[in-house]
$ cat data.cif   # mmCIF, C-alpha atoms and all ligand atoms
data_query
#
loop_
_atom_site.label_atom_id
_atom_site.label_comp_id
_atom_site.auth_asym_id
_atom_site.auth_seq_id
_atom_site.Cartn_x
_atom_site.Cartn_y
_atom_site.Cartn_z
CA MET A 1 25.69 30.10 3.58
CA THR A 2 27.16 29.92 7.05
CA ARG A 3 25.19 28.98 10.11
CA LYS A 4 24.35 31.88 12.37
CA SER A 5 24.67 30.95 16.00
CA ASN A 6 21.19 30.12 17.18
CA THR A 7 20.35 29.76 20.84
CA LEU A 8 16.76 28.58 20.30
CA ALA A 9 15.82 24.93 20.81
CA PRO A 10 15.97 22.83 17.63
CA GLU A 11 12.18 22.31 17.71
CA THR A 12 11.72 26.08 17.65
CA GLN A 13 14.27 26.62 14.90
CA ALA A 14 12.63 23.94 12.75
CA ALA A 15 9.02 25.03 13.40
CA GLN A 16 9.83 28.60 12.38
CA ALA A 17 12.19 27.62 9.54
CA LEU A 18 14.80 29.86 11.22
CA ARG A 19 12.28 32.70 10.93
CA HIS A 20 13.08 33.85 7.42
CA ILE A 21 10.21 36.31 7.03
CA ASP A 22 10.13 37.49 3.42
CA PRO A 23 11.22 41.19 3.59
CA ALA A 24 9.24 42.13 0.46
CA SER A 25 5.83 40.71 1.36
CA GLY A 26 6.02 39.76 5.04
CA SER A 27 5.11 36.20 4.07
CA VAL A 28 5.56 33.95 7.10
CA VAL A 29 6.17 31.00 4.82
CA PRO A 30 9.36 31.68 2.86
CA PRO A 31 8.71 32.15 -0.85
CA MET A 32 9.93 29.64 -3.41
CA VAL A 33 12.50 31.33 -5.65
CA ALA A 34 12.31 29.35 -8.88
CA THR A 35 14.82 30.69 -11.38
CA SER A 36 17.71 29.29 -13.36
CA THR A 37 19.72 32.53 -13.29
CA PHE A 38 20.25 35.69 -11.25
CA ALA A 39 20.45 39.28 -12.59
CA ARG A 40 23.45 41.40 -11.71
CA ASP A 41 23.13 44.96 -10.45
CA GLU A 42 24.10 48.21 -12.22
CA ASN A 43 27.78 47.62 -11.32
CA TYR A 44 27.60 44.09 -12.73
CA ALA A 45 27.97 42.74 -9.19
CA LEU A 46 26.05 39.80 -7.82
CA ARG A 47 23.17 40.90 -5.61
CA ASP A 48 23.10 38.07 -3.10
CA GLY A 49 26.02 35.86 -4.15
CA TYR A 50 23.92 33.72 -6.49
CA ILE A 51 24.98 33.25 -10.12
CA TYR A 52 23.23 30.25 -11.59
CA ALA A 53 20.85 27.63 -10.20
CA ARG A 54 23.13 24.65 -10.88
CA ASN A 55 25.47 26.07 -8.21
CA SER A 56 23.01 27.37 -5.65
CA GLY A 57 19.82 29.34 -5.07
CA PRO A 58 18.11 31.02 -2.11
CA THR A 59 15.39 28.40 -1.45
CA THR A 60 17.85 25.51 -1.44
CA ALA A 61 20.31 27.56 0.64
CA HIS A 62 17.55 28.29 3.18
CA ALA A 63 16.77 24.57 3.55
CA GLU A 64 20.51 23.90 3.91
CA GLU A 65 20.81 26.53 6.60
CA ILE A 66 18.02 24.93 8.64
CA ILE A 67 19.57 21.47 8.37
CA ALA A 68 23.07 22.75 9.20
CA SER A 69 21.66 24.36 12.31
CA LEU A 70 19.87 21.16 13.40
CA GLU A 71 22.97 19.04 12.68
CA GLY A 72 25.39 21.39 14.46
CA ALA A 73 27.26 21.70 11.15
CA ASP A 74 28.94 24.69 9.55
CA GLU A 75 27.34 23.85 6.23
CA SER A 76 24.95 21.45 4.57
CA LEU A 77 24.66 20.61 0.88
CA LEU A 78 21.36 19.40 -0.58
CA LEU A 79 21.28 17.12 -3.59
CA ASN A 80 18.40 15.76 -5.62
CA SER A 81 18.48 12.32 -3.99
CA GLY A 82 20.28 10.43 -1.28
CA MET A 83 22.08 8.48 -3.97
CA SER A 84 23.39 11.61 -5.70
CA ALA A 85 24.81 12.64 -2.33
CA SER A 86 26.53 9.23 -2.00
CA VAL A 87 27.84 9.50 -5.55
CA ALA A 88 29.21 13.00 -4.87
CA VAL A 89 31.13 11.81 -1.80
CA VAL A 90 32.79 8.94 -3.67
CA GLU A 91 33.52 11.18 -6.68
CA SER A 92 35.29 13.63 -4.38
CA LEU A 93 37.79 11.03 -3.13
CA PRO A 94 41.35 11.01 -4.47
CA PRO A 95 41.99 8.38 -7.19
CA GLN A 96 42.46 4.82 -5.91
CA ALA A 97 41.25 5.72 -2.45
CA HIS A 98 40.53 2.85 -0.10
CA VAL A 99 37.02 2.83 1.36
CA VAL A 100 35.70 0.76 4.25
CA ALA A 101 31.96 0.18 4.40
CA GLN A 102 29.53 -2.12 6.14
CA SER A 103 28.69 -5.40 4.45
CA MET A 104 24.99 -4.80 5.11
CA MET A 105 23.68 -1.30 4.52
CA TYR A 106 21.40 0.49 2.07
CA HIS A 107 21.72 -1.85 -0.93
CA VAL A 108 22.00 0.73 -3.72
CA GLY A 109 24.81 2.55 -1.87
CA LEU A 110 26.57 -0.78 -1.52
CA GLN A 111 26.09 -1.51 -5.23
CA TRP A 112 27.53 1.89 -6.13
CA LEU A 113 30.66 1.32 -4.00
CA ASP A 114 31.23 -2.18 -5.36
CA ARG A 115 30.70 -1.00 -8.91
CA GLN A 116 33.31 1.75 -8.49
CA ALA A 117 35.66 -0.84 -7.03
CA ASP A 118 35.03 -3.19 -10.00
CA ARG A 119 35.90 -0.33 -12.35
CA GLY A 120 39.16 0.26 -10.46
CA VAL A 121 38.23 3.79 -9.35
CA ILE A 122 38.47 2.95 -5.64
CA SER A 123 39.07 -0.17 -3.56
CA VAL A 124 36.55 -1.28 -0.97
CA ASP A 125 36.63 -3.57 2.05
CA HIS A 126 33.59 -4.49 4.10
CA PHE A 127 33.00 -5.24 7.75
CA PRO A 128 29.92 -6.52 9.59
CA ALA A 129 27.76 -3.64 10.82
CA GLY A 130 28.39 -2.85 14.47
CA ASP A 131 31.57 -4.96 14.65
CA MET A 132 34.36 -2.64 15.82
CA ASP A 133 37.04 -5.35 15.59
CA GLY A 134 35.89 -6.00 12.03
CA LEU A 135 36.17 -2.30 11.24
CA LYS A 136 39.65 -2.12 12.76
CA ALA A 137 40.80 -5.11 10.70
CA ALA A 138 39.41 -3.62 7.48
CA LEU A 139 41.21 -0.28 7.88
CA LYS A 140 44.49 0.34 6.01
CA PRO A 141 46.18 3.17 7.91
CA GLY A 142 47.34 5.88 5.51
CA GLN A 143 45.39 4.41 2.57
CA THR A 144 41.83 4.36 3.86
CA LYS A 145 40.26 7.73 3.05
CA LEU A 146 36.62 7.06 3.93
CA VAL A 147 34.76 4.93 6.44
CA TRP A 148 31.05 4.66 5.64
CA ILE A 149 28.71 3.47 8.32
CA GLU A 150 24.92 3.39 8.51
CA THR A 151 23.17 3.35 11.86
CA PRO A 152 20.54 2.05 12.41
CA ALA A 153 21.37 0.00 9.30
CA ASN A 154 19.05 -1.27 6.64
CA GLY A 155 18.17 -4.86 6.93
CA ASP A 156 18.38 -5.70 10.59
CA TRP A 157 18.67 -2.14 12.04
CA SER A 158 21.97 -3.05 13.60
CA ILE A 159 23.63 -0.25 15.50
CA THR A 160 27.18 1.05 15.13
CA ASP A 161 28.80 3.13 17.85
CA ILE A 162 29.48 6.40 16.01
CA ALA A 163 32.03 7.75 18.53
CA ALA A 164 34.00 4.49 18.53
CA ALA A 165 33.95 4.29 14.71
CA ALA A 166 35.13 7.92 14.49
CA GLU A 167 38.07 7.17 16.77
CA LEU A 168 39.14 4.16 14.69
CA ALA A 169 38.68 6.00 11.38
CA HIS A 170 40.66 9.02 12.55
CA ALA A 171 43.48 6.90 13.95
CA ALA A 172 43.86 5.42 10.45
CA GLY A 173 43.78 8.87 8.80
CA ALA A 174 40.30 8.38 7.32
CA ILE A 175 37.16 10.44 7.58
CA LEU A 176 33.92 8.98 8.89
CA MET A 177 30.62 9.36 7.04
CA VAL A 178 27.46 8.32 8.86
CA ASP A 179 24.33 7.46 6.89
CA SER A 180 21.92 8.61 9.59
CA THR A 181 18.79 8.42 7.41
CA ALA A 182 16.93 6.29 9.96
CA ALA A 183 17.98 8.62 12.80
CA PRO A 184 17.33 12.25 11.80
CA PRO A 185 18.99 15.10 13.73
CA CYS A 186 16.09 15.30 16.20
CA THR A 187 17.48 12.08 17.71
CA THR A 188 21.12 11.73 16.54
CA LYS A 189 23.72 14.36 15.66
CA PRO A 190 26.62 12.40 14.14
CA LEU A 191 28.97 15.40 13.95
CA ASP A 192 28.71 15.90 17.73
CA LEU A 193 29.75 12.26 18.15
CA GLY A 194 32.91 12.73 16.08
CA ALA A 195 31.72 11.98 12.52
CA ASP A 196 33.06 14.13 9.68
CA ILE A 197 30.05 13.88 7.37
CA SER A 198 26.44 13.37 8.37
CA PHE A 199 24.45 11.98 5.46
CA HIS A 200 20.70 11.62 5.07
CA SER A 201 18.37 10.52 2.39
CA ALA A 202 16.10 13.52 3.03
CA THR A 203 13.50 11.60 1.02
CA LYS A 204 12.81 9.82 4.31
CA TYR A 205 12.22 11.42 7.76
CA MET A 206 13.29 14.93 6.78
CA GLY A 207 10.89 15.02 3.82
CA GLY A 208 8.47 12.78 5.64
CA HIS A 209 5.55 12.94 3.20
CA SER A 210 6.84 10.63 0.45
CA ASP A 211 6.40 13.35 -2.19
CA PHE A 212 9.97 14.05 -3.40
CA THR A 213 13.51 12.68 -3.24
CA ALA A 214 16.46 14.55 -1.70
CA GLY A 215 19.82 13.92 -0.09
CA VAL A 216 21.85 16.04 2.28
CA LEU A 217 25.45 16.11 3.50
CA SER A 218 26.50 18.16 6.53
CA ALA A 219 30.00 18.89 7.77
CA ARG A 220 32.35 21.34 9.36
CA LYS A 221 34.00 23.77 6.96
CA ASP A 222 37.48 22.29 7.37
CA MET A 223 36.33 18.83 6.26
CA PRO A 224 38.89 17.99 3.56
CA LEU A 225 36.43 16.72 0.88
CA TRP A 226 33.90 19.52 1.31
CA ASP A 227 34.87 21.90 -1.51
CA GLU A 228 35.27 19.03 -3.92
CA ILE A 229 31.82 17.64 -3.01
CA ARG A 230 30.34 21.05 -3.78
CA ASN A 231 32.21 21.13 -7.11
CA VAL A 232 30.97 17.65 -8.02
CA ARG A 233 27.40 18.74 -7.29
CA SER A 234 27.80 21.68 -9.68
CA PHE A 235 29.46 19.56 -12.38
CA GLN A 236 26.77 16.91 -12.17
CA GLY A 237 23.90 19.35 -11.79
CA THR A 238 22.52 17.37 -8.89
CA ILE A 239 21.56 20.24 -6.59
CA LEU A 240 18.09 19.99 -5.04
CA PRO A 241 15.81 22.28 -7.10
CA ALA A 242 13.80 25.10 -5.53
CA PHE A 243 10.41 23.36 -5.45
CA GLU A 244 11.70 20.30 -3.63
CA ALA A 245 13.73 22.53 -1.29
CA TRP A 246 10.57 24.49 -0.54
CA LEU A 247 8.69 21.27 0.22
CA LEU A 248 11.57 20.19 2.43
CA ILE A 249 11.42 23.44 4.43
CA ARG A 250 7.69 22.79 4.89
CA SER A 251 8.49 19.26 6.07
CA LEU A 252 11.29 20.19 8.50
CA ARG A 253 8.82 22.35 10.42
CA THR A 254 7.07 19.19 11.66
CA MET A 255 9.97 16.74 11.71
CA HIS A 256 10.28 16.59 15.49
CA ILE A 257 6.64 15.69 16.12
CA ARG A 258 6.47 13.29 13.17
CA TYR A 259 9.55 11.47 14.39
CA ALA A 260 8.31 11.38 17.99
CA GLN A 261 4.94 9.92 16.96
CA SER A 262 6.58 7.31 14.67
CA SER A 263 8.92 6.34 17.51
CA ARG A 264 6.06 6.00 19.99
CA ASN A 265 4.00 3.92 17.57
CA ALA A 266 6.96 1.73 16.64
CA MET A 267 7.83 0.98 20.26
CA ALA A 268 4.25 -0.09 21.02
CA PHE A 269 4.08 -2.14 17.80
CA ALA A 270 7.41 -3.87 18.43
CA LYS A 271 6.47 -4.76 22.02
CA HIS A 272 3.08 -6.10 20.94
CA PHE A 273 4.34 -8.47 18.23
CA ASP A 274 7.68 -9.49 19.74
CA ALA A 275 5.96 -11.94 22.06
CA LEU A 276 3.76 -13.72 19.51
CA PRO A 277 4.47 -17.34 18.43
CA ASP A 278 4.07 -16.52 14.69
CA ILE A 279 7.05 -14.23 14.98
CA GLN A 280 10.66 -15.31 15.37
CA THR A 281 12.11 -11.89 16.26
CA VAL A 282 11.26 -8.24 16.06
CA LEU A 283 14.45 -6.38 15.16
CA TYR A 284 13.94 -2.92 16.66
CA PRO A 285 16.76 -0.98 18.37
CA GLY A 286 14.29 0.26 20.99
CA LEU A 287 13.75 -3.24 22.38
CA PRO A 288 16.17 -4.17 25.20
CA THR A 289 16.66 -7.55 23.45
CA HIS A 290 18.11 -5.89 20.31
CA PRO A 291 21.90 -6.43 20.29
CA GLY A 292 22.54 -2.74 19.64
CA HIS A 293 20.10 -1.42 22.23
CA ALA A 294 22.62 -0.07 24.75
CA VAL A 295 24.55 1.91 22.12
CA ALA A 296 21.31 3.02 20.45
CA ALA A 297 20.02 4.33 23.79
CA ARG A 298 23.19 6.45 24.04
CA GLN A 299 23.21 7.89 20.54
CA MET A 300 19.47 8.04 19.68
CA VAL A 301 18.52 10.45 22.42
CA ASN A 302 14.97 11.30 21.32
CA GLY A 303 13.42 8.02 20.22
CA PHE A 304 14.39 4.93 18.25
CA GLY A 305 12.42 5.84 15.15
CA GLY A 306 9.87 3.97 13.10
CA MET A 307 12.04 1.38 11.36
CA MET A 308 12.00 -2.31 12.24
CA SER A 309 12.22 -5.71 10.63
CA ILE A 310 10.15 -8.69 11.61
CA LEU A 311 11.45 -12.23 11.06
CA MET A 312 8.49 -14.56 10.55
CA ASN A 313 8.10 -18.08 11.79
CA GLY A 314 6.27 -20.61 9.67
CA SER A 315 6.45 -21.66 6.04
CA THR A 316 8.83 -20.13 3.47
CA GLY A 317 6.85 -17.50 1.70
CA ARG A 318 4.84 -16.42 4.76
CA ALA A 319 6.61 -13.05 4.92
CA PHE A 320 5.92 -12.46 1.23
CA GLU A 321 2.23 -13.32 1.76
CA MET A 322 2.10 -10.96 4.75
CA ALA A 323 3.36 -8.06 2.63
CA LYS A 324 0.37 -8.65 0.32
CA ALA A 325 -2.21 -9.15 3.07
CA THR A 326 -2.13 -5.83 4.93
CA LYS A 327 -4.86 -3.24 4.35
CA VAL A 328 -3.51 -0.27 6.33
CA PHE A 329 0.23 -0.81 5.79
CA ILE A 330 0.96 0.11 2.18
CA PRO A 331 3.10 -2.40 0.26
CA ALA A 332 5.84 -0.08 -1.00
CA THR A 333 9.55 0.55 -0.60
CA SER A 334 11.04 3.63 1.15
CA LEU A 335 10.66 4.74 4.76
CA GLY A 336 10.20 7.64 7.14
CA GLY A 337 6.91 8.94 5.76
CA VAL A 338 3.74 9.73 7.68
CA GLU A 339 2.10 6.60 6.24
CA SER A 340 3.18 3.11 7.33
CA LEU A 341 4.81 0.90 4.71
CA ILE A 342 5.56 -2.78 4.57
CA GLU A 343 7.90 -4.59 2.22
CA HIS A 344 9.31 -7.99 1.52
CA ARG A 345 12.85 -6.67 1.46
CA ARG A 346 14.53 -9.61 -0.26
CA THR A 347 12.27 -9.11 -3.29
CA ILE A 348 13.46 -5.48 -3.49
CA SER A 349 17.17 -5.80 -2.74
CA GLY A 350 17.83 -9.20 -4.35
CA PRO A 351 19.12 -12.62 -3.28
CA ASP A 352 22.73 -11.34 -2.94
CA SER A 353 21.74 -8.73 -0.36
CA GLY A 354 21.97 -11.10 2.60
CA ILE A 355 18.38 -10.24 3.53
CA PRO A 356 16.61 -13.38 4.77
CA GLU A 357 13.52 -14.70 2.97
CA ASN A 358 11.45 -14.45 6.15
CA LEU A 359 12.15 -10.74 6.78
CA LEU A 360 9.48 -8.05 6.57
CA ARG A 361 10.71 -4.48 6.65
CA ILE A 362 8.28 -2.10 8.26
CA SER A 363 8.25 1.69 8.37
CA ILE A 364 5.86 2.87 11.05
CA GLY A 365 4.13 6.17 10.36
CA ILE A 366 2.03 8.50 12.43
CA GLU A 367 -1.37 6.76 12.14
CA HIS A 368 -3.30 5.57 15.20
CA ILE A 369 -1.41 2.66 16.74
CA ASP A 370 -4.60 0.56 17.16
CA ASP A 371 -5.16 0.54 13.37
CA LEU A 372 -1.58 -0.58 12.75
CA ILE A 373 -1.67 -3.39 15.29
CA ALA A 374 -5.13 -4.59 14.13
CA ASP A 375 -3.99 -4.59 10.50
CA PHE A 376 -0.85 -6.62 11.11
CA GLN A 377 -2.87 -8.96 13.31
CA GLN A 378 -5.48 -9.62 10.58
CA ALA A 379 -2.65 -10.26 8.10
CA LEU A 380 -1.20 -12.86 10.50
CA VAL A 381 -4.59 -14.57 10.67
CA ALA A 382 -5.12 -14.35 6.91
CA THR A 383 -1.76 -16.00 6.16
CA SER A 384 -1.65 -18.60 8.96
C1 LIG B 1 16.68 5.71 0.79
C2 LIG B 1 18.02 5.59 1.37
C3 LIG B 1 19.16 6.04 0.69
C4 LIG B 1 19.10 6.59 -0.72
O1 LIG B 1 18.37 7.77 -0.78
P1 LIG B 1 17.47 8.19 -2.04
O2 LIG B 1 16.89 9.47 -1.61
O3 LIG B 1 16.46 7.10 -2.25
O4 LIG B 1 18.38 8.30 -3.21
C5 LIG B 1 20.39 5.96 1.33
N1 LIG B 1 20.50 5.44 2.57
C6 LIG B 1 19.43 4.99 3.25
C7 LIG B 1 19.61 4.43 4.61
C8 LIG B 1 18.16 5.05 2.67
O5 LIG B 1 17.11 4.58 3.35
#
$ encode --input "data.cif" --output "structure tokens"
Amino acid sequence: MTRKSNTLAPETQAAQALRHIDPASGSVVPPMVATSTFARDENYALRDGYIYARNSGPTTAHAEEIIASLEGADESLLLNSGMSASVAVVESLPPQAHVVAQSMMYHVGLQWLDRQADRGVISVDHFPAGDMDGLKAALKPGQTKLVWIETPANGDWSITDIAAAAELAHAAGAILMVDSTAAPPCTTKPLDLGADISFHSATKYMGGHSDFTAGVLSARKDMPLWDEIRNVRSFQGTILPAFEAWLLIRSLRTMHIRYAQSSRNAMAFAKHFDALPDIQTVLYPGLPTHPGHAVAARQMVNGFGGMMSILMNGSTGRAFEMAKATKVFIPATSLGGVESLIEHRRTISGPDSGIPENLLRISIGIEHIDDLIADFQQALVATS
């Protein structure tokens, strides 16, 4: 489905789900069309272009249309998890393609790339997140087909300059994919900054309620891998089903205010704890002391989000104890939901991930800031 030009503000488009009033019932909330197949008309023609649910369906297409509009894309493709979206992109590359990716990013994506490289399907070189000279050195002009960045990036929330990365990737003949999961389109629009694919785990801020998994890719129509990505999704049967798409449409209606509240809370939280002696550093792109702050301020135009990592001072094991001692923060992986989560990241992503032992990853939700600060404070006292 192609994006219709929409002059309304993104908040309005999202809140009204692009105003798809159901013509049959007048339902303000779009109906969920749950079917595996679509009946043809008396001339054996397709009624609305849909054939079979493994290819597409109206509820998923509606969610895609909303996201494409928010991303400034021609099209978006929804898959049943962020990882199936990552898999589809790599599967769509020509054989033996060279890929350049950050050395620290979402750990399962990294594992997938390295695994494909070990199997000889692709070759992969890494560069330190945010390091443009490192990216330039890793590129092989003519051979590199894909540059994969993540900003802000898992682990330390380091920031990569999307426009600069796009310029380097394009000069080498590669396309740029941005994992913008931590910066949804209400704050960053990677395609406007020169990226070729904007990628989100829609499980996170877009979904926002921690009740389903989803992944989404957005691009302009002339993006060379696009048709193949769509084919791979059909072959693998990894399209987002109608129920999850319906939940996602529900969620996108409130994304802007959820993200704004998480950003506000996170900024107050980061400022409060950054100064305390128990804490070595608060890694939050919104703090002027964060090495990526200046670039983040340019490309995250509506808030720095709810993601931060806190490096603890004190004994080895303190961070792990902290993750067990909170009573409001829920000890769980994932991010971008309305509820605040805390995790000892090294336990989740393993000793090879480069994540330090003293790092706590925190996803700040939309609760009252006083409860979040008081909870972290009592955990500091309980583990001191
Ligand atoms: C969660 C996440 C993914 C993977 O998405 P799933 O929906 O869990 O498959 C990819 N990138 C980032 C940055 C993530 O946080």
$ residues_near_ligand --input "data.cif" --ligand "ligand LIG 1 (chain B)" --cutoff "7 Å" --atoms "all atoms listed in the file" --output "PyMOL selection string"
chain A and resi 81-84+106+109+150+153-154+179-182+200-204+213-215+334-335
$ closest_residue --input "data.cif" --among "A:Pro31, A:Ile279, A:Pro331, A:Thr316" --to "Gln377 (chain A)" --atoms "only C-alpha atoms"
A:Ile279
$ atom_distance --input "data.cif" --atom1 "CA of Leu79 (chain A)" --atom2 "CA of Thr188 (chain A)"
20.8 Å
$ residues_around --input "data.cif" --residues "region 357-369 of chain A" --least-positions-apart "3" --cutoff "7 Å" --atoms "all atoms listed in the file" --output "MDAnalysis selection string"
chainID A and resid 258 261:262 265:266 306:312 316 319 335:346 372:373
$ atom_distance --input "data.cif" --atom1 "CA of Val90 (chain A)" --atom2 "CA of Gln299 (chain A)"
26.1 Å
$ closest_residue --input "data.cif" --among "A:Leu146, A:Pro58, A:Ala270, A:Tyr50" --to "Gln96 (chain A)" --atoms "only C-alpha atoms"
A:Leu146
$ closest_residue --input "data.cif" --among "A:Arg253, A:His98, A:Lys140, A:His170" --to "Gln16 (chain A)" --atoms "only C-alpha atoms"
A:Arg253
$ residues_around --input "data.cif" --residues "Ala17 (chain A)" --least-positions-apart "6" --cutoff "10 Å" --atoms "all atoms listed in the file" --output "JSON, numbers by chain"
{"A": [11, 28, 29, 30, 62, 63, 65, 66, 67, 249, 250, 251, 252, 253]}
$ atom_distance --input "data.cif" --atom1 "CA of Ile149 (chain A)" --atom2 "CA of His256 (chain A)"
23.7 Å
$ residues_around --input "data.cif" --residues "region 113-117 of chain A" --least-positions-apart "4" --cutoff "9 Å" --atoms "all atoms listed in the file" --output "number ranges by chain"
A: 87, 90, 96, 99, 101, 108-109, 121-124
$ axis_aligned_box --input "data.cif" --around "region 175-189 of chain A" --padding-each-side "3 Å" --output "lines of an AutoDock Vina configuration file"
center_x = 26.6
center_y = 10.8
center_z = 12.3
size_x = 27.1
size_y = 15.0
size_z = 16.8
$ closest_residue --input "data.cif" --among "A:Ala219, A:Val295, A:Val301, A:Leu247" --to "Ser69 (chain A)" --atoms "only C-alpha atoms"
A:Ala219
$ residues_around --input "data.cif" --residues "Ser92 (chain A)" --least-positions-apart "3" --cutoff "10 Å" --atoms "all atoms listed in the file" --output "list in words"
Val87, Ala88, Val89, Pro95, Pro224, Leu225, Trp226, Asp227, Glu228, Ile229, Arg230, Asn231, Val232 and Arg233 of chain A
$ residues_around --input "data.cif" --residues "Met177 (chain A)" --least-positions-apart "5" --cutoff "8 Å" --atoms "only C-alpha atoms" --output "PDB file with C-alpha atoms, in the frame of the given file"
ATOM      1  CA  LEU A 146      36.620   7.060   3.930  1.00  0.00           C
ATOM      2  CA  VAL A 147      34.760   4.930   6.440  1.00  0.00           C
ATOM      3  CA  TRP A 148      31.050   4.660   5.640  1.00  0.00           C
ATOM      4  CA  ILE A 149      28.710   3.470   8.320  1.00  0.00           C
ATOM      5  CA  ALA A 195      31.720  11.980  12.520  1.00  0.00           C
ATOM      6  CA  ASP A 196      33.060  14.130   9.680  1.00  0.00           C
ATOM      7  CA  ILE A 197      30.050  13.880   7.370  1.00  0.00           C
ATOM      8  CA  SER A 198      26.440  13.370   8.370  1.00  0.00           C
ATOM      9  CA  PHE A 199      24.450  11.980   5.460  1.00  0.00           C
TER      10      PHE A 199
END
$ closest_residue --input "data.cif" --among "A:Thr333, A:Thr144, A:Asn80, A:Thr347" --to "Leu168 (chain A)" --atoms "all atoms listed in the file"
A:Thr144
$ closest_atom_pairs --input "data.cif" --of "region 228-326 of chain A" --to "region 32-49 of chain A" --cutoff "8 Å" --atoms "all atoms listed in the file" --output "tab-separated table"
residue	atom	partner	partner_atom	distance
A:Ala242	CA	A:Ala34	CA	5.6
A:Phe243	CA	A:Met32	CA	6.6
A:Trp246	CA	A:Met32	CA	5.9
